[in-house]
Amino acid sequence: MNVATLLSNTLSPDQAIREDATQQLELAAQENYSAYVLMLSQELANEGADPNIRTAAGLAVKNSLTAKEASRKEDYINRWLSVDENTRAQIKQWSVNTLGSSNSRAAHTSAQVVAAIADIELPVNQWPQLIQSLLDNVTSSDNPLLRQASLVSIGFVCETTNPEVLKGQANDILTAVVQGARKEEENQEVRLAAVRALYNSLEFIRENFESESERNIIMMVVCEATQSTEEQLQVAAFECLVRIMQLYYDNMLLYMEKALFALTVVGMNNEEHGVALQAIEFWSTVCDEEIELQLHAEEAADAGEQPHRISHGFARSALPQILPVLLFLLTKQEEDEDEDEWNVSMAAATCLNLFAQCVGDNIVAPIVPFVEANISNEDWRYREAAVMAFGSILDGPTPDLLIPLVDQALPLLIQMMKDPVVNVKDTVAWTLGRVSDYLPQCIKPEVHLQDLITALVLGLQDSPRIVANCCWSLMNLAEHIGGGDDLNMPTCPLSMYFEAIVLALLQFTDRQNNEANCRTSAYEALSTLVGNAAMDCLTTVQQVIVATLDRLESTIAVQNQIIGVDDSNAHAELQSNLLSVLTSCIRKLSAGVSVVSDRVMTVLLQMLSTASKQSSITEDVFLAVGSLTAALDSDFSRYVEPFAPHLYSALQNPDEHQLCAIAIGLIGDICRALGESSLPYCQTFMQLLITNLQSPVLHSDVKPAILSCFGDIALAIGAEFEPFLDLVMLALQQVGGMRAEKDNWELMDYVVRLHEGSVEAYVGIVQGLGSGQKTPHVPAIFGFLGMVTTEDTPTETLVRSTVGLIGDFADAFQGGELKQYLAADWVMALIREARSNRHYSDSTREVARWAKEMVKRATNGL
């Protein structure tokens, strides 16, 4: 096999040649990985080879070592470590030597290979000399290309390797990187590589940053780099400042006063967009940090404690100087700008919004003059900037301060939906959406609503970007002034416009294309409107469900005519949108859906029959079936038999864990709806649930839902659950023994969710079997409850479920047989906590009051 020829063919413009070469390389890797990677590394190191082939070889090596998926990455690690030591040493030597290549592309690719190998070997204490070798290249070599590539490699290593692994070498890495980043460094490419490496090393040099002298040096080097005449270097330096602010906000007071404030203002005004964007991002980051600190301070105050960290109030102090710059940058729009391309005016608007959230009322007074002066400006850029500024500050200041301003501005904003410039109308529609979302009380039905809805409906005939914001505004109106989830709400302010809005949305969604996701936005608006309809709109909702079924049947009819990936994706998206509307209609109509339920279920079963196993459509269909189950209750029984095979199939496909989770929820829905009538299906349900609980493949997030589902089944079939009891109790006891280390937050959260699922299972078992005066495994259950509520830090959900379960026990088993368990100190302590904790909801306190009475009766023998 000629590897150079194969690599060259992977770059061929001919797809067949590319695919054939790629397959041959993959086959070579499978047959003899050691020889494969050695051959590629030799080609990367070959100074006489074509630069394109060298780059392709290096990327092939890197790609054989790294993967995003955890399971594949583990396989790659094991495969590399199984290569004999001499071969690995040769590959590593070639890779390091190639850092000094005269071909910069080969050197850069080699830096990636070095980092990929380091990510595998450094954590297992192999290749210990690597970092020092790279540092020597930086500090001792006269070859600028070698120094640059070595710094790039250090940056990649710092980016990909666990910071704890590099912590012991932080001092040496920092010294070399800072040396390369100094303004005295004549080679700007070396300096750029050093600043980028510094960015990637910031997380594990925390101890160095805590030292004032070392911190001063780091900040000086970064600040000096912001003054470079090289745009890329300036951008990299500001990126460093952003990351430093994220990681080390507490240490920034002195530097903000001395340098950062002035540097970032100059940076925001830089004509180079890349520099300006990062300087704006710096202040967005400041606001993000201070918003978070405000939340922590409020939580500490509620708990009667002092916050661990304090806000320096940088945003508030800088507002008079930063705000004029942001407002000026809002006017830097481009008429034909790409919505997906981040630009200075977009960044300024985002930053302004964060300032509003951070400083609250203080932002209103300086914004108002800008809005008043420019909202009618002849230059569209200033009109649009004025509207954007107004819309951006609606989240943050107190409503009492904003309401008079919005009352005054709303008629003009509605009128501006007729502006001749698309950019202006787009921002106006977005601002109206913000008003509808944050200050819906300003929209007076008798004054504004008709004009507002007329403007938004007309906007559906405009450009796709305006359509999306008009739909979002309609969604907010539906949510805030519609009928809500209350099925008995007789009418609402939107009722008189409901049919016209729905008709306009149905007409718009009948279009064939989905440019800028406008059709999807319209379907989302339709779904939200239906979900928030009042009772006097149910006739229209019935018309919507019929129209939706018509469209779904049409999509099924053309299923086999779909050719090509793009058409298939568009078809699936359309079906998903229609299913979302259908689900909303079913939920709103509730039992009233029975008149069309046969047709609904027929369509859903047809879609399940035509969907592929990996299709997300199956998930959407299952959600619709769940809503139909809840609406029909016991009347759903006639649909279970034809639907059950699809449910079983989903449960037997643990690789599709999201679908599996929805299927588990559906089992609970069916059991709650059918009660004892679900018994014929429960044997299969339980077998599949137990199998999934034990599966090493099923995503762990699904397993708490399985435990909860046991409770749903037990509650539904009562005494008939006894054959499953011992097996379920064994599984619950195994879960009850799980613990997590206190610093492993992810595992702690998972264990808490498992415990919540276990308690819900116990609730169903006790309530289902309790009426027959069974006492299933009482000592084990109370031992588990006592453990999770005293050893762990229980969530409110876990406390409420546990207290409710204690009350169920006390209610079901009167006569004193549980007195010894109910009299445990932790029982009453938990009930008191649930009743008195002011952070808990009324429902939790109500459950606690009931449980207290039940325990009192049981322990007193009443």
# chains A, B, ... in the order shown; residues from 1 in each chain; ligands from 1
>>> residues_around(residues="Tyr750 in chain A", least_positions_apart="2", cutoff="12 Å", atoms="only C-alpha atoms", output="list in words")
His699, Ser700, Asp701, Val702, Lys703, Pro704, Ala705, Val735, Met738, Arg739, Ala740, Glu741, Asn744, Trp745, Glu746, Leu747, Met748, Val752, Arg753, Leu754, His755, Glu756 and Gly757 of chain A
>>> select_by_dssp(residues="range 463-710 of chain A", states="helix (DSSP H, G or I)", output="JSON, numbers by chain")
{"A": [464, 465, 466, 467, 468, 469, 470, 471, 472, 473, 474, 475, 476, 477, 478, 479, 480, 481, 495, 496, 497, 498, 499, 500, 501, 502, 503, 504, 505, 506, 507, 508, 509, 515, 516, 517, 518, 519, 520, 521, 522, 523, 524, 525, 526, 527, 528, 529, 530, 531, 535, 536, 537, 538, 539, 540, 541, 542, 543, 544, 545, 546, 547, 548, 549, 550, 551, 552, 553, 554, 555, 556, 557, 559, 560, 561, 565, 566, 567, 568, 569, 570, 571, 572, 573, 574, 575, 576, 577, 578, 579, 580, 581, 582, 583, 584, 585, 586, 587, 588, 589, 590, 591, 592, 593, 594, 595, 596, 597, 598, 599, 600, 601, 602, 603, 604, 605, 606, 607, 608, 609, 610, 617, 618, 619, 620, 621, 622, 623, 624, 625, 626, 627, 628, 629, 630, 631, 632, 633, 634, 635, 636, 637, 638, 639, 640, 641, 642, 643, 644, 645, 646, 647, 648, 649, 650, 651, 657, 658, 659, 660, 661, 662, 663, 664, 665, 666, 667, 668, 669, 670, 671, 672, 673, 674, 675, 676, 677, 678, 679, 680, 681, 682, 683, 684, 685, 686, 687, 688, 689, 690, 691, 692, 693, 694, 700, 701, 702, 703, 704, 705, 706, 707, 708, 709, 710]}
>>> closest_residue(among="A:Asn469, A:Thr98, A:Asn860, A:Thr454", to="Thr427 in chain A", atoms="only C-alpha atoms")
A:Asn469
>>> closest_residue(among="A:Val424, A:Ala49, A:Ile173, A:Leu452", to="Ser436 in chain A", atoms="only C-alpha atoms")
A:Leu452
>>> residues_around(residues="Ser576 in chain A", least_positions_apart="4", cutoff="8 Å", atoms="only C-alpha atoms", output="list in words")
Ala572, Ser580, Ile617 and Asp620 of chain A
>>> residues_around(residues="Asp172 in chain A", least_positions_apart="4", cutoff="9 Å", atoms="only C-alpha atoms", output="mmCIF file with N, CA and C atoms, in the first residue's frame")
data_model
loop_
_atom_site.group_PDB
_atom_site.id
_atom_site.type_symbol
_atom_site.label_atom_id
_atom_site.label_comp_id
_atom_site.auth_asym_id
_atom_site.auth_seq_id
_atom_site.Cartn_x
_atom_site.Cartn_y
_atom_site.Cartn_z
ATOM 1 N N ILE A 131 6.716 17.845 28.266
ATOM 2 C CA ILE A 131 6.518 19.268 28.574
ATOM 3 C C ILE A 131 7.860 19.988 28.651
ATOM 4 N N GLN A 132 8.819 19.372 29.308
ATOM 5 C CA GLN A 132 10.121 20.011 29.422
ATOM 6 C C GLN A 132 10.785 20.174 28.065
ATOM 7 N N LEU A 135 9.149 23.093 26.403
ATOM 8 C CA LEU A 135 9.568 24.331 27.053
ATOM 9 C C LEU A 135 10.993 24.703 26.651
ATOM 10 N N GLY A 168 1.393 20.281 38.317
ATOM 11 C CA GLY A 168 2.753 20.255 38.861
ATOM 12 C C GLY A 168 3.761 20.986 37.993
ATOM 13 N N ALA A 176 7.556 29.914 30.460
ATOM 14 C CA ALA A 176 7.879 29.861 29.033
ATOM 15 C C ALA A 176 6.865 30.635 28.203
ATOM 16 N N VAL A 177 5.588 30.483 28.555
ATOM 17 C CA VAL A 177 4.540 31.144 27.779
ATOM 18 C C VAL A 177 4.623 32.658 27.934
#
>>> residues_around(residues="Gly180 in chain A", least_positions_apart="6", cutoff="9 Å", atoms="only C-alpha atoms", output="list of chain:residue names")
A:Val138, A:Thr139, A:Arg147, A:Gln148, A:Leu151, A:Val190, A:Arg191, A:Leu192, A:Ala193, A:Ala194, A:Val195
>>> closest_residue(among="A:Ala373, A:Leu582, A:Ala116, A:Leu122", to="Thr548 in chain A", atoms="only C-alpha atoms")
A:Leu582
>>> closest_residue(among="A:Glu298, A:Leu538, A:Leu506, A:Thr431", to="Thr491 in chain A", atoms="only C-alpha atoms")
A:Leu538
>>> atom_distance(atom1="CA of Ala661 in chain A", atom2="CA of Leu698 in chain A")
9.8 Å
>>> residues_around(residues="range 248-256 of chain A", least_positions_apart="2", cutoff="8 Å", atoms="only C-alpha atoms", output="ChimeraX atom specification")
/A:210,219,244-246,258-261,289,309-310,312,314
>>> write_last_selection(atoms="C-alpha atoms", output="PDB file, in the first residue's frame")
ATOM      1  CA  GLU A 210      -3.227  34.124  43.455  1.00  0.00           C
ATOM      2  CA  MET A 219      -1.706  41.006  33.428  1.00  0.00           C
ATOM      3  CA  ILE A 244      -9.348  35.981  33.113  1.00  0.00           C
ATOM      4  CA  MET A 245     -12.481  37.897  34.079  1.00  0.00           C
ATOM      5  CA  GLN A 246     -14.444  34.626  34.072  1.00  0.00           C
ATOM      6  CA  LYS A 258      -5.437  51.004  36.436  1.00  0.00           C
ATOM      7  CA  ALA A 259      -5.771  49.603  32.918  1.00  0.00           C
ATOM      8  CA  LEU A 260      -8.635  47.361  31.834  1.00  0.00           C
ATOM      9  CA  PHE A 261     -11.337  49.990  31.803  1.00  0.00           C
ATOM     10  CA  GLU A 289     -20.279  37.541  36.637  1.00  0.00           C
ATOM     11  CA  ARG A 309     -17.899  36.405  47.278  1.00  0.00           C
ATOM     12  CA  ILE A 310     -18.833  40.026  46.701  1.00  0.00           C
ATOM     13  CA  HIS A 312     -17.093  44.944  42.904  1.00  0.00           C
ATOM     14  CA  PHE A 314     -17.648  47.225  37.859  1.00  0.00           C
TER      15      PHE A 314
END
>>> closest_residue(among="A:Phe204, A:Leu439, A:Leu146, A:Leu130", to="Ala170 in chain A", atoms="only C-alpha atoms")
A:Phe204
>>> residues_around(residues="range 663-676 of chain A", least_positions_apart="5", cutoff="6 Å", atoms="only C-alpha atoms", output="list in words")
Gly626, Asp633, Ser634, Cys709, Asp712, Ile713, Ala716 and Ile717 of chain A
>>> write_last_selection(atoms="C-alpha atoms", output="mmCIF file, in the first residue's frame")
data_model
loop_
_atom_site.group_PDB
_atom_site.id
_atom_site.type_symbol
_atom_site.label_atom_id
_atom_site.label_comp_id
_atom_site.auth_asym_id
_atom_site.auth_seq_id
_atom_site.Cartn_x
_atom_site.Cartn_y
_atom_site.Cartn_z
ATOM 1 C CA GLY A 626 -49.395 10.417 26.010
ATOM 2 C CA ASP A 633 -58.497 8.284 30.571
ATOM 3 C CA SER A 634 -60.030 4.797 30.742
ATOM 4 C CA CYS A 709 -42.801 3.726 36.899
ATOM 5 C CA ASP A 712 -47.338 3.742 38.808
ATOM 6 C CA ILE A 713 -47.819 0.075 37.948
ATOM 7 C CA ALA A 716 -52.735 0.737 39.110
ATOM 8 C CA ILE A 717 -52.973 -3.019 39.717
#
>>> closest_atom_pairs(of="range 385-482 of chain A", to="range 316-330 of chain A", cutoff="12 Å", atoms="only C-alpha atoms", output="CSV")
residue,atom,partner,partner_atom,distance
A:Ala385,CA,A:Leu330,CA,5.2
A:Ala386,CA,A:Leu330,CA,8.4
A:Val387,CA,A:Leu330,CA,10.1
A:Met388,CA,A:Leu330,CA,7.7
A:Ala389,CA,A:Leu327,CA,7.3
A:Phe390,CA,A:Leu327,CA,10.7
A:Ser392,CA,A:Leu330,CA,11.1
A:Ile393,CA,A:Leu323,CA,11.9
A:Thr427,CA,A:Leu330,CA,11.8
>>> write_last_selection(atoms="C-alpha atoms", output="PDB file, in the first residue's frame")
ATOM      1  CA  ALA A 385     -30.571  51.386  17.045  1.00  0.00           C
ATOM      2  CA  ALA A 386     -33.113  53.387  19.073  1.00  0.00           C
ATOM      3  CA  VAL A 387     -35.645  50.544  18.965  1.00  0.00           C
ATOM      4  CA  MET A 388     -32.936  47.983  19.772  1.00  0.00           C
ATOM      5  CA  ALA A 389     -31.777  50.043  22.748  1.00  0.00           C
ATOM      6  CA  PHE A 390     -35.331  50.321  24.037  1.00  0.00           C
ATOM      7  CA  SER A 392     -32.745  45.606  25.202  1.00  0.00           C
ATOM      8  CA  ILE A 393     -33.456  47.263  28.556  1.00  0.00           C
ATOM      9  CA  THR A 427     -36.161  44.851  15.498  1.00  0.00           C
TER      10      THR A 427
END
>>> atom_distance(atom1="CA of Glu833 in chain A", atom2="CA of Val799 in chain A")
8.7 Å
>>> atom_distance(atom1="CA of Ala534 in chain A", atom2="CA of Phe498 in chain A")
9.4 Å
>>> closest_residue(among="A:Asp426, A:Asp808, A:Asp749, A:Glu619", to="Thr793 in chain A", atoms="only C-alpha atoms")
A:Asp749
